[in-house]
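Q: Pasting a structure here, questions to come.
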Amino acid sequence: MKTTKSDKRTILGITLSKRGWNNVVIYVVLALMFVFYFLGNDSRRMASDESFRPFAVYSIVELRDPQYDLIRVGNQWELRQGQLSKDQQDQWLDAWQNLTLKPYEGLLAGEEYAVEVSVADQNGTLQIAVFTQPDKVLVALPGYDQVFIAIHDAATELRPGR
């Protein structure tokens, strides 16, 4: 197949066939998609560096670990298992209700502690793993492929009686 002069186009001093210019347009669009994809990932990564409070919009109605079981009955809290003072109960509840987490790039390590949290208007319980280290508290939430670090002032109170 022979190309004629009418099949060629010159743009910005570059002469290509119609098919050649179509390829240029396709590759430019692909390059722009590639660039915008990675720009979008950076903004999502920056947004993920922000802290969040998983229980800010939910009211906790039960906290349970192997030693303690604290459940809300009406407007009062009842300790069904274990021995905690009223102050310890309040600190434990406050630490969980105001839990503030931030994404953490390291691996889970430390002394493991498991707790079940039930929230109002939700079926089932959340199985949460807490890993305590001398200088930080790491949290693994169900459904997340991310490790979190607790940045709330009372993060050491996530485990009662410590």
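Labeling convention for the structure tokens: chains A, B, ... as they appear, residues from 1 per chain, ligands from 1 in order of appearance.
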Determine which residues of segment 37-142 of chain A DSSP labels as alpha helix (DSSP H) from the backbone of this structure, then write them out as number ranges by chain.
A: A: 37-48, 86-97
Q: Keeping only C-alpha atoms, write the selected residues to a file as a PDB file, in the first residue's frame.
A:
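Output (result.pdb):
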```
ATOM      1  CA  TYR A  37      -2.401   7.908  38.559  1.00  0.00           C
ATOM      2  CA  PHE A  38       0.797   8.403  40.544  1.00  0.00           C
ATOM      3  CA  LEU A  39      -0.125  11.958  41.521  1.00  0.00           C
ATOM      4  CA  GLY A  40      -3.401  10.589  42.857  1.00  0.00           C
ATOM      5  CA  ASN A  41      -1.572   7.886  44.820  1.00  0.00           C
ATOM      6  CA  ASP A  42       0.609  10.479  46.520  1.00  0.00           C
ATOM      7  CA  SER A  43      -2.418  12.468  47.635  1.00  0.00           C
ATOM      8  CA  ARG A  44      -4.086   9.286  48.934  1.00  0.00           C
ATOM      9  CA  ARG A  45      -0.914   8.380  50.803  1.00  0.00           C
ATOM     10  CA  MET A  46      -0.779  11.845  52.358  1.00  0.00           C
ATOM     11  CA  ALA A  47      -4.430  11.505  53.366  1.00  0.00           C
ATOM     12  CA  SER A  48      -3.717   8.102  54.889  1.00  0.00           C
ATOM     13  CA  LYS A  86     -14.451   2.680  89.100  1.00  0.00           C
ATOM     14  CA  ASP A  87     -11.477   4.833  88.047  1.00  0.00           C
ATOM     15  CA  GLN A  88      -9.870   1.946  86.158  1.00  0.00           C
ATOM     16  CA  GLN A  89     -13.176   1.238  84.393  1.00  0.00           C
ATOM     17  CA  ASP A  90     -13.521   4.889  83.394  1.00  0.00           C
ATOM     18  CA  GLN A  91      -9.926   5.030  82.110  1.00  0.00           C
ATOM     19  CA  TRP A  92     -10.384   1.819  80.099  1.00  0.00           C
ATOM     20  CA  LEU A  93     -13.615   3.079  78.513  1.00  0.00           C
ATOM     21  CA  ASP A  94     -12.153   6.520  77.798  1.00  0.00           C
ATOM     22  CA  ALA A  95      -9.051   5.002  76.188  1.00  0.00           C
ATOM     23  CA  TRP A  96     -11.174   2.918  73.788  1.00  0.00           C
ATOM     24  CA  GLN A  97     -13.896   5.482  73.065  1.00  0.00           C
TER      25      GLN A  97
END
```
Q: I want to know what sits within 10 Å of Ile60 of chain A, based on only C-alpha atoms, with residues of the same chain fewer than 6 positions away left out; could you give that as a list in words?
A: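 My reading of the contact set: Ile71, Arg72, Leu93, Trp96, Gln97, Val117, Ser118, Val119, Ala120 and Asp121 of chain A.
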Q: Would you mind listing what lies within 8 Å of Pro54 of chain A as a ChimeraX atom specification, with only C-alpha atoms counted and same-chain residues fewer than 5 positions away left out?
A: /A:99-101
Q: State, in Å with one decimal place, the distance from atom CA of Gly82 of chain A to atom CA of Tyr68 of chain A.
A: 4.8 Å
Q: Would you list the contacts of Gly110 of chain A as a list in words, taking every protein, DNA or RNA residue within 6 Å and counting only C-alpha atoms, but skipping same-chain residues closer than 4 positions in sequence?
A: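 Once the nearby chain positions are removed, what remains is Phe131, Thr132 and Gln133 of chain A.
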Q: Any chance you could export the current selection's C-alpha atoms as a tab-separated table (two decimals), in the first residue's frame?
A:
```tsv
chain	number	residue	atom	x	y	z
A	131	PHE	CA	0.60	-4.93	70.76
A	132	THR	CA	2.26	-3.05	73.60
A	133	GLN	CA	5.88	-1.99	73.52
```
Q: Using only C-alpha atoms, which residue out of A:Glu111, A:Trp77, A:Asp69, A:Ile11 lies closest to Val24 of chain A?
A: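 Among A:Glu111, A:Trp77, A:Asp69, A:Ile11, it is A:Ile11 that comes nearest to Val24 of chain A.
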Q: Hey, which of A:Gly13, A:Gly106, A:Gly124, A:Gly20 ends up closest to Glu62 of chain A? Count only C-alpha atoms.
A: A:Gly124
Q: Would you mind reading off the distance between atom CA of Asp7 of chain A and atom CA of Leu30 of chain A, one decimal, in Å?
A: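 Those two atoms sit 24.6 Å apart.
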Q: Residues near Ile149 of chain A, anyone? I mean within 10 Å using only C-alpha atoms, not counting same-chain ones fewer than 4 positions away, as a ChimeraX atom specification.
A: /A:51,100-106,108,130-131,136-140,155
Q: Find, counting only C-alpha atoms, the residue in A:Ser85, A:Leu107, A:Arg64, A:Ala31 that gets nearest to Ile128 of chain A.
A: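 Smallest separation from Ile128 of chain A among the options: A:Arg64.
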Q: Report, in Å with one decimal, the straight-line distance from atom CA of Gly74 of chain A to atom CA of Asn123 of chain A.
A: 18.2 Å
Q: Looking at only C-alpha atoms, which of A:Gln122, A:Gln83, A:Thr10, A:Ser17 is the one that sits closest to Phe55 of chain A?
A: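 When distances to Phe55 of chain A are compared using only C-alpha atoms, the smallest one comes from A:Gln122.
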